[in-house]
Every structure is written in structure tokens, then in C-alpha cells.
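S.K.: final.cif is the file, holding mmCIF, C-alpha atoms:
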```cif
data_work
loop_
_atom_site.label_atom_id
_atom_site.label_comp_id
_atom_site.auth_asym_id
_atom_site.auth_seq_id
_atom_site.Cartn_x
_atom_site.Cartn_y
_atom_site.Cartn_z
CA MET A 78 60.06 -12.41 -163.91
CA ASN A 79 61.73 -15.43 -162.42
CA LYS A 80 59.89 -18.39 -163.96
CA SER A 81 62.60 -20.99 -163.36
CA LYS A 82 61.85 -21.42 -159.68
CA PRO A 83 58.14 -21.30 -158.78
CA VAL A 84 57.11 -19.29 -155.75
CA SER A 85 56.26 -21.60 -152.85
CA LEU A 86 52.68 -21.81 -151.60
CA LYS A 87 53.98 -20.95 -148.17
CA GLU A 88 55.42 -17.69 -149.43
CA ILE A 89 52.17 -16.86 -151.24
CA PHE A 90 50.20 -17.61 -148.08
CA LEU A 91 52.42 -15.50 -145.81
CA THR A 92 52.45 -12.59 -148.24
CA PHE A 93 48.67 -12.43 -148.45
CA VAL A 94 48.22 -12.93 -144.71
CA LYS A 95 50.41 -9.86 -144.32
CA ILE A 96 48.24 -7.94 -146.80
CA GLY A 97 45.11 -9.13 -145.00
CA LEU A 98 46.54 -7.97 -141.68
CA THR A 99 47.79 -4.54 -142.69
CA GLY A 100 45.48 -3.41 -145.48
CA PHE A 101 43.24 -1.24 -143.37
CA GLY A 102 41.07 0.99 -145.48
CA GLY A 103 39.58 -1.77 -147.60
CA GLY A 104 38.72 -1.70 -151.32
CA MET A 105 41.14 0.34 -153.41
CA ALA A 106 43.58 0.65 -150.48
CA ILE A 107 44.03 -3.15 -150.66
CA VAL A 108 44.42 -3.11 -154.43
CA ALA A 109 47.14 -0.46 -154.12
CA LEU A 110 48.91 -2.54 -151.47
CA VAL A 111 48.74 -5.75 -153.53
CA GLU A 112 50.07 -3.84 -156.54
CA ARG A 113 53.00 -2.40 -154.60
CA ILE A 114 54.00 -5.74 -153.12
CA CYS A 115 53.29 -8.15 -155.99
CA VAL A 116 54.09 -5.97 -159.01
CA HIS A 117 56.88 -3.73 -157.76
CA GLU A 118 58.56 -5.40 -154.78
CA LYS A 119 58.37 -9.08 -155.72
CA ASN A 120 57.94 -8.89 -159.51
CA TRP A 121 55.38 -11.68 -159.35
CA ILE A 122 53.09 -10.30 -162.05
CA SER A 123 53.39 -7.60 -164.70
CA SER A 124 51.54 -4.36 -164.23
CA GLU A 125 49.46 -4.99 -167.37
CA GLU A 126 48.31 -8.44 -166.26
CA PHE A 127 47.51 -7.04 -162.83
CA LEU A 128 45.23 -4.44 -164.43
CA HIS A 129 43.47 -7.17 -166.41
CA GLY A 130 42.86 -9.02 -163.15
CA LEU A 131 41.48 -5.83 -161.61
CA ALA A 132 39.08 -5.33 -164.54
CA PHE A 133 37.77 -8.90 -164.27
CA GLY A 134 37.66 -8.51 -160.51
CA GLN A 135 34.73 -6.09 -160.83
CA ILE A 136 32.46 -8.80 -162.24
CA LEU A 137 31.54 -10.67 -159.08
CA GLY A 138 32.34 -10.17 -155.43
CA PRO A 139 34.79 -7.83 -153.72
CA PHE A 140 37.64 -6.75 -156.00
CA SER A 141 40.13 -6.62 -153.12
CA LEU A 142 39.75 -10.40 -152.71
CA ASN A 143 39.59 -10.97 -156.47
CA VAL A 144 42.95 -9.37 -157.26
CA CYS A 145 44.51 -11.57 -154.56
CA THR A 146 42.97 -14.71 -156.09
CA PHE A 147 44.04 -13.64 -159.58
CA THR A 148 47.63 -12.93 -158.55
CA GLY A 149 47.88 -16.22 -156.63
CA HIS A 150 46.53 -18.12 -159.63
CA HIS A 151 49.04 -16.42 -161.90
CA LEU A 152 51.87 -17.75 -159.69
CA ARG A 153 50.81 -21.31 -158.91
CA GLY A 154 47.51 -22.13 -160.64
CA ILE A 155 44.41 -23.12 -158.74
CA ARG A 156 46.25 -24.00 -155.53
CA GLY A 157 48.03 -20.65 -155.61
CA GLY A 158 44.77 -18.76 -156.15
CA VAL A 159 43.01 -20.50 -153.28
CA THR A 160 46.05 -20.04 -151.02
CA ALA A 161 46.13 -16.30 -151.71
CA ALA A 162 42.37 -15.91 -151.16
CA VAL A 163 42.42 -17.84 -147.87
CA GLY A 164 45.50 -15.96 -146.66
CA PHE A 165 43.92 -12.60 -147.40
CA ILE A 166 40.57 -13.36 -145.72
CA LEU A 167 41.92 -15.28 -142.71
CA PRO A 168 42.99 -12.33 -140.49
CA SER A 169 39.68 -10.49 -141.03
CA PHE A 170 37.74 -13.70 -140.47
CA LEU A 171 39.42 -14.34 -137.12
CA LEU A 172 39.00 -10.71 -136.06
CA VAL A 173 35.29 -10.60 -136.94
CA SER A 174 34.72 -13.97 -135.23
CA LEU A 175 36.34 -12.63 -132.08
CA LEU A 176 34.37 -9.37 -132.24
CA SER A 177 31.12 -11.27 -132.90
CA TRP A 178 31.75 -13.49 -129.90
CA ILE A 179 32.40 -10.46 -127.68
CA TYR A 180 29.35 -8.72 -129.11
CA PHE A 181 26.89 -11.55 -128.58
CA THR A 182 28.32 -12.47 -125.17
CA TYR A 183 28.49 -8.98 -123.67
CA ASN A 184 25.52 -7.55 -125.54
CA LYS A 185 23.90 -6.40 -122.33
CA LEU A 186 26.87 -4.38 -121.06
CA PRO A 187 25.73 -0.74 -120.85
CA GLN A 188 29.17 0.50 -121.98
CA LEU A 189 29.01 -1.57 -125.17
CA GLN A 190 25.45 -0.42 -125.83
CA ALA A 191 26.48 3.20 -125.38
CA ALA A 192 29.45 2.85 -127.74
CA LEU A 193 27.29 1.19 -130.39
CA ARG A 194 24.71 3.96 -130.14
CA GLY A 195 27.52 6.22 -131.30
CA THR A 196 28.63 4.03 -134.24
CA ASN A 197 25.13 3.42 -135.54
CA PRO A 198 24.44 6.85 -137.09
CA VAL A 199 27.96 6.91 -138.55
CA ILE A 200 27.31 3.64 -140.39
CA ILE A 201 24.20 5.20 -141.96
CA SER A 202 26.19 8.24 -143.07
CA LEU A 203 28.87 5.94 -144.53
CA ILE A 204 26.21 4.24 -146.67
CA VAL A 205 24.79 7.60 -147.76
CA VAL A 206 28.24 8.83 -148.83
CA VAL A 207 28.86 5.60 -150.75
CA ALA A 208 25.55 6.02 -152.58
CA ILE A 209 26.41 9.62 -153.51
CA ASP A 210 29.96 8.83 -154.66
CA MET A 211 28.88 5.77 -156.61
CA GLY A 212 26.06 7.74 -158.17
CA ARG A 213 28.46 10.45 -159.34
CA LYS A 214 30.66 7.87 -160.98
CA GLN A 215 28.16 5.37 -162.34
CA ILE A 216 25.08 7.32 -163.34
CA LYS A 217 25.56 8.82 -166.77
CA GLY A 218 22.63 10.29 -168.63
CA ALA A 219 18.88 10.01 -168.19
CA ASN A 220 18.75 6.21 -168.62
CA GLY A 221 21.05 5.60 -165.68
CA ALA A 222 19.25 8.13 -163.50
CA LEU A 223 15.91 6.52 -164.28
CA MET A 224 17.24 3.07 -163.46
CA ALA A 225 18.63 4.28 -160.12
CA LEU A 226 15.33 5.98 -159.27
CA ALA A 227 13.34 2.91 -160.27
CA ALA A 228 15.52 0.67 -158.08
CA PHE A 229 15.19 3.10 -155.17
CA GLY A 230 11.41 3.38 -155.57
CA ALA A 231 10.87 -0.35 -156.01
CA THR A 232 12.72 -1.03 -152.74
CA VAL A 233 11.52 1.85 -150.57
CA LEU A 234 7.94 2.31 -151.78
CA LEU A 235 6.99 -1.13 -153.08
CA ASN A 236 9.17 -3.13 -150.69
CA PHE A 237 10.65 -5.32 -153.46
CA ASN A 238 13.45 -7.74 -152.62
CA ALA A 239 16.84 -6.29 -153.63
CA ALA A 240 17.84 -9.53 -155.41
CA TRP A 241 14.87 -9.30 -157.80
CA VAL A 242 15.55 -5.64 -158.51
CA LEU A 243 19.14 -6.55 -159.32
CA LEU A 244 18.04 -9.38 -161.62
CA ALA A 245 15.60 -7.12 -163.47
CA ALA A 246 18.33 -4.50 -163.93
CA ALA A 247 20.75 -7.15 -165.22
CA LEU A 248 18.25 -8.44 -167.80
CA TRP A 249 17.47 -4.91 -168.95
CA SER A 250 21.14 -4.06 -169.19
CA LEU A 251 21.95 -7.27 -171.09
CA GLY A 252 19.17 -6.46 -173.55
CA MET A 253 20.61 -2.98 -174.06
CA SER A 254 24.13 -4.38 -174.61
CA LEU A 255 22.88 -6.88 -177.18
CA TYR A 256 20.86 -4.17 -178.91
CA ARG A 257 23.87 -1.87 -179.10
CA ARG A 258 26.01 -4.71 -180.44
CA GLU A 259 23.47 -5.52 -183.18
CA ASN A 260 23.31 -1.88 -184.20
CA ALA A 261 26.97 -1.04 -183.86
CA MET B 223 20.07 -22.62 -134.70
CA THR B 224 20.02 -23.44 -138.36
CA SER B 225 21.72 -26.39 -139.99
CA LEU B 226 25.10 -25.68 -141.54
CA VAL B 227 23.92 -27.05 -144.89
CA SER B 228 21.09 -24.55 -145.19
CA LEU B 229 23.47 -21.78 -144.06
CA ALA B 230 25.90 -22.83 -146.81
CA TRP B 231 23.12 -22.73 -149.41
CA ILE B 232 21.91 -19.29 -148.30
CA TYR B 233 25.38 -17.72 -148.45
CA LEU B 234 26.28 -19.43 -151.72
CA ARG B 235 23.23 -17.81 -153.33
CA ILE B 236 24.20 -14.42 -151.92
CA GLY B 237 27.71 -14.92 -153.30
CA LEU B 238 26.26 -15.51 -156.76
CA VAL B 239 24.45 -12.16 -156.97
CA PHE B 240 27.18 -10.16 -155.30
CA VAL B 241 27.88 -7.64 -158.09
CA GLY B 242 28.83 -3.99 -158.23
CA GLY B 243 30.99 -3.97 -155.10
CA GLY B 244 30.28 -4.97 -151.55
CA TYR B 245 27.68 -2.34 -150.73
CA VAL B 246 24.91 -4.17 -152.56
CA LEU B 247 25.23 -6.74 -149.76
CA ILE B 248 23.67 -4.27 -147.32
CA PRO B 249 20.17 -4.40 -148.84
CA LEU B 250 20.51 -8.12 -149.68
CA LEU B 251 21.70 -9.26 -146.25
CA ASN B 252 19.33 -6.89 -144.46
CA HIS B 253 16.41 -8.45 -146.30
CA ILE B 254 17.49 -12.04 -145.65
CA MET B 255 18.83 -11.77 -142.10
CA VAL B 256 16.46 -9.22 -140.56
CA GLU B 257 13.20 -9.51 -142.48
CA GLN B 258 13.13 -13.06 -143.82
CA TYR B 259 14.87 -15.25 -141.23
CA ARG B 260 14.82 -12.83 -138.27
CA TRP B 261 18.24 -13.96 -137.08
CA LEU B 262 19.13 -10.40 -136.20
CA THR B 263 17.32 -7.29 -135.14
CA LEU B 264 17.91 -4.21 -137.25
CA ARG B 265 20.08 -2.83 -134.46
CA GLN B 266 22.26 -5.95 -134.40
CA PHE B 267 22.57 -5.83 -138.18
CA LEU B 268 23.91 -2.26 -138.02
CA ASP B 269 26.25 -3.16 -135.14
CA GLY B 270 27.54 -6.06 -137.26
CA LEU B 271 28.20 -3.65 -140.12
CA ALA B 272 30.25 -1.48 -137.77
CA LEU B 273 32.26 -4.48 -136.53
CA SER B 274 32.98 -5.82 -140.01
CA GLN B 275 34.18 -2.37 -141.10
CA LEU B 276 36.85 -2.55 -138.37
CA THR B 277 38.81 -5.17 -140.38
CA PRO B 278 40.87 -4.91 -143.59
CA GLY B 279 38.59 -7.47 -145.23
CA PRO B 280 35.77 -6.52 -147.59
CA LEU B 281 32.33 -5.52 -146.37
CA ALA B 282 31.35 -9.13 -147.04
CA MET B 283 32.90 -9.94 -143.65
CA LEU B 284 29.35 -9.15 -142.56
CA ALA B 285 28.73 -12.75 -143.61
CA THR B 286 31.03 -13.89 -140.80
CA PHE B 287 29.08 -11.87 -138.24
CA THR B 288 25.63 -12.94 -139.42
CA GLY B 289 26.77 -16.56 -139.82
CA PHE B 290 28.20 -16.46 -136.29
CA ARG B 291 24.84 -15.33 -135.00
CA ALA B 292 23.02 -18.11 -136.87
CA GLY B 293 25.38 -20.97 -136.00
CA GLY B 294 28.29 -19.96 -133.76
CA PHE B 295 31.93 -20.11 -134.89
CA LEU B 296 31.22 -22.89 -137.40
CA GLY B 297 28.28 -20.93 -138.77
CA GLY B 298 30.56 -17.95 -139.32
CA LEU B 299 33.13 -20.17 -141.03
CA VAL B 300 30.56 -21.77 -143.35
CA ALA B 301 29.01 -18.39 -144.19
CA THR B 302 32.41 -16.88 -145.00
CA VAL B 303 33.60 -19.80 -147.13
CA PHE B 304 30.39 -20.09 -149.12
CA ILE B 305 29.82 -16.40 -149.79
CA PHE B 306 33.30 -16.24 -151.35
CA ILE B 307 33.20 -19.52 -153.33
CA PRO B 308 31.48 -18.04 -156.43
CA CYS B 309 33.87 -15.11 -156.87
CA VAL B 310 36.99 -17.17 -156.15
CA VAL B 311 35.92 -19.85 -158.64
CA LEU B 312 35.14 -17.17 -161.22
CA MET B 313 38.54 -15.52 -160.77
CA LEU B 314 40.28 -18.91 -161.12
CA ILE B 315 38.41 -19.55 -164.38
CA VAL B 316 39.20 -16.03 -165.57
CA GLY B 317 42.87 -16.44 -164.63
CA ARG B 318 43.05 -19.61 -166.69
CA ASN B 319 41.21 -18.38 -169.77
CA TYR B 320 41.46 -14.65 -169.85
CA HIS B 321 43.39 -14.48 -173.10
CA ARG B 322 40.46 -16.17 -174.80
CA LEU B 323 37.52 -14.38 -173.19
CA LYS B 324 36.13 -12.73 -176.27
CA ARG B 325 32.69 -11.98 -174.91
CA ILE B 326 34.12 -9.78 -172.21
CA ASP B 327 32.78 -6.59 -173.84
CA LEU B 328 29.25 -7.95 -173.53
CA ILE B 329 29.75 -8.94 -169.87
CA LYS B 330 31.45 -5.64 -169.09
CA GLY B 331 28.73 -3.64 -170.87
CA THR B 332 25.98 -5.48 -169.02
CA LEU B 333 27.63 -4.99 -165.66
CA ASP B 334 28.33 -1.31 -166.25
CA GLY B 335 24.72 -0.90 -167.33
CA LEU B 336 23.25 -2.29 -164.14
CA LEU B 337 25.46 -0.26 -161.80
CA PRO B 338 22.91 2.60 -161.55
CA ALA B 339 20.46 0.08 -160.07
CA VAL B 340 23.10 -0.81 -157.45
CA VAL B 341 23.34 2.89 -156.62
CA GLY B 342 19.56 3.04 -156.21
CA LEU B 343 19.60 -0.04 -153.96
CA VAL B 344 22.37 1.34 -151.76
CA ALA B 345 20.52 4.65 -151.44
CA ALA B 346 17.34 2.76 -150.56
CA ALA B 347 19.23 0.79 -147.91
CA ALA B 348 20.49 4.03 -146.35
CA TRP B 349 16.94 5.38 -146.40
CA ASN B 350 15.30 2.29 -144.90
CA LEU B 351 17.97 1.74 -142.25
CA GLY B 352 18.04 5.43 -141.33
CA VAL B 353 14.28 5.78 -141.05
CA SER B 354 13.91 2.72 -138.87
CA SER B 355 16.95 3.08 -136.62
CA LEU B 356 17.71 6.76 -136.06
CA SER B 357 15.94 8.64 -133.33
CA GLY B 358 16.64 11.84 -131.45
CA ALA B 359 18.72 14.90 -132.17
CA LYS B 360 21.95 13.41 -130.78
CA GLU B 361 21.97 10.61 -133.35
CA LEU B 362 21.15 12.97 -136.21
CA ILE B 363 24.02 15.25 -135.23
CA ILE B 364 26.44 12.32 -135.07
CA MET B 365 25.22 11.23 -138.49
CA ALA B 366 25.77 14.72 -139.94
CA ILE B 367 29.31 14.85 -138.53
CA GLY B 368 30.03 11.36 -139.88
CA PHE B 369 28.70 12.39 -143.27
CA ALA B 370 30.98 15.45 -143.38
CA ILE B 371 34.04 13.40 -142.41
CA PHE B 372 33.39 10.65 -144.97
CA LYS B 373 32.49 13.07 -147.71
CA TRP B 374 35.22 15.68 -147.38
CA THR B 375 38.16 14.04 -145.66
CA LYS B 376 40.19 10.90 -146.26
CA VAL B 377 40.10 9.59 -142.70
CA SER B 378 39.80 5.78 -142.75
CA PRO B 379 36.33 4.42 -141.90
CA MET B 380 37.89 2.27 -139.18
CA LEU B 381 39.13 5.32 -137.27
CA VAL B 382 35.80 7.12 -137.73
CA ILE B 383 33.89 4.12 -136.35
CA LEU B 384 36.24 3.80 -133.38
CA GLY B 385 35.87 7.53 -132.74
CA ALA B 386 32.10 7.28 -132.97
CA GLY B 387 32.12 4.39 -130.49
CA LEU B 388 34.16 6.46 -128.07
CA THR B 389 31.79 9.40 -128.55
CA GLY B 390 28.83 7.16 -127.85
CA LEU B 391 30.49 5.89 -124.69
CA LEU B 392 31.10 9.42 -123.44
CA ILE B 393 27.72 11.01 -124.18
CA ASN B 394 25.33 8.15 -123.40
#
```
Just give me the structure of the file as C-alpha cells.

M.R.:
Amino acid sequence: MNKSKPVSLKEIFLTFVKIGLTGFGGGMAIVALVERICVHEKNWISSEEFLHGLAFGQILGPFSLNVCTFTGHHLRGIRGGVTAAVGFILPSFLLVSLLSWIYFTYNKLPQLQAALRGTNPVIISLIVVVAIDMGRKQIKGANGALMALAAFGATVLLNFNAAWVLLAAALWSLGMSLYRRENA
Amino acid sequence: MTSLVSLAWIYLRIGLVFVGGGYVLIPLLNHIMVEQYRWLTLRQFLDGLALSQLTPGPLAMLATFTGFRAGGFLGGLVATVFIFIPCVVLMLIVGRNYHRLKRIDLIKGTLDGLLPAVVGLVAAAAWNLGVSSLSGAKELIIMAIGFAIFKWTKVSPMLVILGAGLTGLLIN
């Protein structure tokens, strides 16, 4: 790793703009792209450190953005992290702004309405598939299954706010972690 | 139109509870935008989801769309900046201190433990959105085809959404 000459903020910015422009597929596709460019092509960060960043990136927010922030910070501190995050989000932000403008301006166009009637069911099926795949990976044992069912029931049948359900699950889970730690 | 300050506060709070991957945002944003503030109809919310999935950015780009609706371009900008502030700040702190984060096993254990609840919430979102927005055999068939493609092939969601839009244009 070349530590003698720090990477310029401009280069960080341009690199992550490129990632934000070309990383179609989202999520893990972005992580793979960041890894290829920053670990292998540019040697900006070691593969081990990158994996640490990925692990911490699961804590809060989208991990595609988080690995960009982490890598940028590794190169140039806080300014580098913010530069990488802004660079990565900027292309998507501009694209969504443009699409939103078109959407709210030409909402009444019958062609647009027809097209969106086609995308609507597909969005629902995407969410269903995500729930199934996540469930396969994350639900282990009866405790997890019960928690998932309770969250589902509380939202669908009792109409609870998702944020409160999440908070209750976090408190329960923290209690379990502390209990396991005490009894380890 | 809502003031930019209250928009910032709303999205900052969403950013703080944004755990377990972007999909938990679907129930959260649906509740806030459609049921609480009524900035969007359910239909618009789902259309916004489709649009934000057309970009390489995370699903949280839905914040840009909903913010745009609430306050124009500036609203979208404020929503996007503030929903991402908590996770960017956290990653900067982590980047600075991660050699010394000893309590990480506790944090990691807690987060892993609440993931089943996220699964339940995502499933509930699919249920609620499906029940209130799908109607007619045509839409159910499109949903079934979409399900099969997402479940058993690796075609990118962007292409599937574009294809579905084209299909909608042709059959409606």
C-alpha cells in the first residue's frame, strides 16, 4: 500500500461516482464492485480491513453505502469518508430526482399509468422474494420463527407501527445477548 | 408543502432505525408517508419503489422520491442527506475506532437476534401492500411471473422492472 502519497479527494470522489453510476444490481453487487476496484485494482485497502468494514456496515443503513464510507475514511479520514459517500449516492440521487420530476409532472399520461400498472405487481413479488430469502438465512430455530411470526402478526393483525415492533425486537434481542454473555 | 426542517427531522429519525438492510424501510416509510402524513397514495408509494429500484443506489433512494413529493427538489435533497447522516457518521466513528471496539460481539449478537423481526416486517409489508393494491387476474399473473424470475433466476431487478413496465404498456 502506498502510504507516502495520500490519495487525492478528487480521485476518491471520481472513483465512487463511477461505482455509483455503474453498480447496477444494488446491495452485494456494489460490495463486489467496490472490492474489485479498491482492494484489487487500486490497492487502497487490504482485503481483511475491507471485510471488517463490511461486517460493521451491517449495523445501520445500507451496507453498499457503508463500505464506500469506510473505504473513503481509511484513505483520507473524515473528509475522505464523506467524499466517498457523496460520490456514491450522487448519480442515484440525480437519477431519482429526474424520474420523480417526470413522474409527478406526467402522472396523468395514460402511457405512464399503463406502464406502472405493469411494474406494480412485480414490486410486490420482489418484496415477497426478499422476505423468503431473508427468512431462509436469518431465521434459525423456534425462537427466530416465533419472533418473525410475532412481528408479522403485530403489523398485519394489530396494525402496530413497524418502528415500535423493531424497537421491541431490539430490546428482546439485547436482553438475550446479555443473558447469554452472563451464562457463557 | 412541509418545511424543510421538519422533513430533515423525519428522515433523520428514519435513518436512526434503519437496521437489517434496506427492506425494513418499506414498512417504515409506508407507515409514515402513506398512513401518517398522507403525502403519497399507496399507488404512488409503490411507483416510487419501482423508480428507486431503477438506480444503482440502495433502496433508501425511496427517500429521494418521497422527499421530492413533499418538498420538490430541495425536499428530495434534504430527505436524502438526512436519512444517510446516521449511518455515515456511524461508519466514520467505526473507521476511526474499530481496533478498539470491544463490545462488538454484543452489538453483533443483538442485531443478529432482531433480524427475524425484520423478516416478519418485510413479509407483513408484502402482505399489506399486496392486499390493498392488487386487483384482477392480469396483475396476479404478472406478480406470479415476477416471483418466478426473482426467485429462480439472477436477472437484475432493474431489467425485470423495465420489462414489467413495457408489459404494462402493451397490455393495458

S.K.: Do you know which residues are at most 12 Å from B:Gly293 counting only C-alpha atoms, after dropping those on the same chain fewer than 4 positions away, and could you put them as a ChimeraX atom specification?

M.R.: /A:174,177-178 /B:223-230,261,285-289,297-301

S.K.: Would you translate the PyMOL selection byres ((chain A and resi 180) around 12) into the concrete set of residues it matches in this file, as a PyMOL selection string?

M.R.: (chain A and resi 173-179+181-186+188-190+192-193) or (chain B and resi 266-267+269-270+272-274+287-288+290-291)

S.K.: Please measure the separation of atom CA of B:Pro278 and atom CA of B:Ile363, giving the value in Å to one decimal.

M.R.: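 Between these atoms lies a distance of 27.6 Å.
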
S.K.: Which distance in Å separates atom CA of A:Ser254 and atom CA of A:Leu226, to one decimal?

M.R.: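 So the two atoms, atom CA of A:Ser254 and atom CA of A:Leu226, lie 20.5 Å apart.
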
S.K.: Could you spell out the hits of the PyMOL selection byres ((chain B and resi 248) around 12) on the shown file, as a ChimeraX atom specification?

M.R.: /A:200-201,203-205,207-208,239-240 /B:236,240,243-247,249-256,264,267-268,270-272,274,281-285,288,340-341,343-351

S.K.: Can you translate the PyMOL selection byres ((chain A and resi 96) around 10) into the concrete residues it hits in this file, as a list in words?

M.R.: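 Applying the PyMOL selection byres ((chain A and resi 96) around 10) to the structure shown produces Phe90, Leu91, Thr92, Phe93, Val94, Lys95, Gly97, Leu98, Thr99, Gly100, Phe101, Ile107, Val108, Leu110, Val111, Ile114, Cys145, Ala161, Gly164, Phe165, Ile166 and Pro168 of chain A; Pro278 and Gly279 of chain B.
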
S.K.: Could you complete stretch 352-364 of chain B so that it carries N, CA and C atoms, and give it back as a short mmCIF file (atom, residue, chain, number, x, y, z; two decimals), keeping the file's coordinate frame?

M.R.:
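Ended up saving to selection-v3.cif:
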```cif
data_model
loop_
_atom_site.label_atom_id
_atom_site.label_comp_id
_atom_site.auth_asym_id
_atom_site.auth_seq_id
_atom_site.Cartn_x
_atom_site.Cartn_y
_atom_site.Cartn_z
N GLY B 352 18.07 4.16 -142.05
CA GLY B 352 18.04 5.43 -141.33
C GLY B 352 16.68 5.70 -140.72
N VAL B 353 15.64 5.51 -141.52
CA VAL B 353 14.28 5.78 -141.05
C VAL B 353 13.94 4.88 -139.88
N SER B 354 14.36 3.61 -139.94
CA SER B 354 13.91 2.72 -138.87
C SER B 354 14.85 2.64 -137.68
N SER B 355 16.06 3.23 -137.77
CA SER B 355 16.95 3.08 -136.62
C SER B 355 17.37 4.40 -135.96
N LEU B 356 17.25 5.51 -136.66
CA LEU B 356 17.71 6.76 -136.06
C LEU B 356 16.58 7.42 -135.27
N SER B 357 16.95 7.90 -134.08
CA SER B 357 15.94 8.64 -133.33
C SER B 357 16.66 9.67 -132.47
N GLY B 358 16.08 10.83 -132.34
CA GLY B 358 16.64 11.84 -131.45
C GLY B 358 17.68 12.71 -132.12
N ALA B 359 17.83 13.91 -131.58
CA ALA B 359 18.72 14.90 -132.17
C ALA B 359 20.18 14.47 -132.09
N LYS B 360 20.56 13.81 -130.96
CA LYS B 360 21.95 13.41 -130.78
C LYS B 360 22.43 12.53 -131.94
N GLU B 361 21.59 11.54 -132.28
CA GLU B 361 21.97 10.61 -133.35
C GLU B 361 22.04 11.32 -134.70
N LEU B 362 21.12 12.25 -134.93
CA LEU B 362 21.15 12.97 -136.21
C LEU B 362 22.41 13.84 -136.32
N ILE B 363 22.81 14.43 -135.20
CA ILE B 363 24.02 15.25 -135.23
C ILE B 363 25.25 14.38 -135.50
N ILE B 364 25.31 13.22 -134.82
CA ILE B 364 26.44 12.32 -135.07
C ILE B 364 26.46 11.90 -136.54
#
```
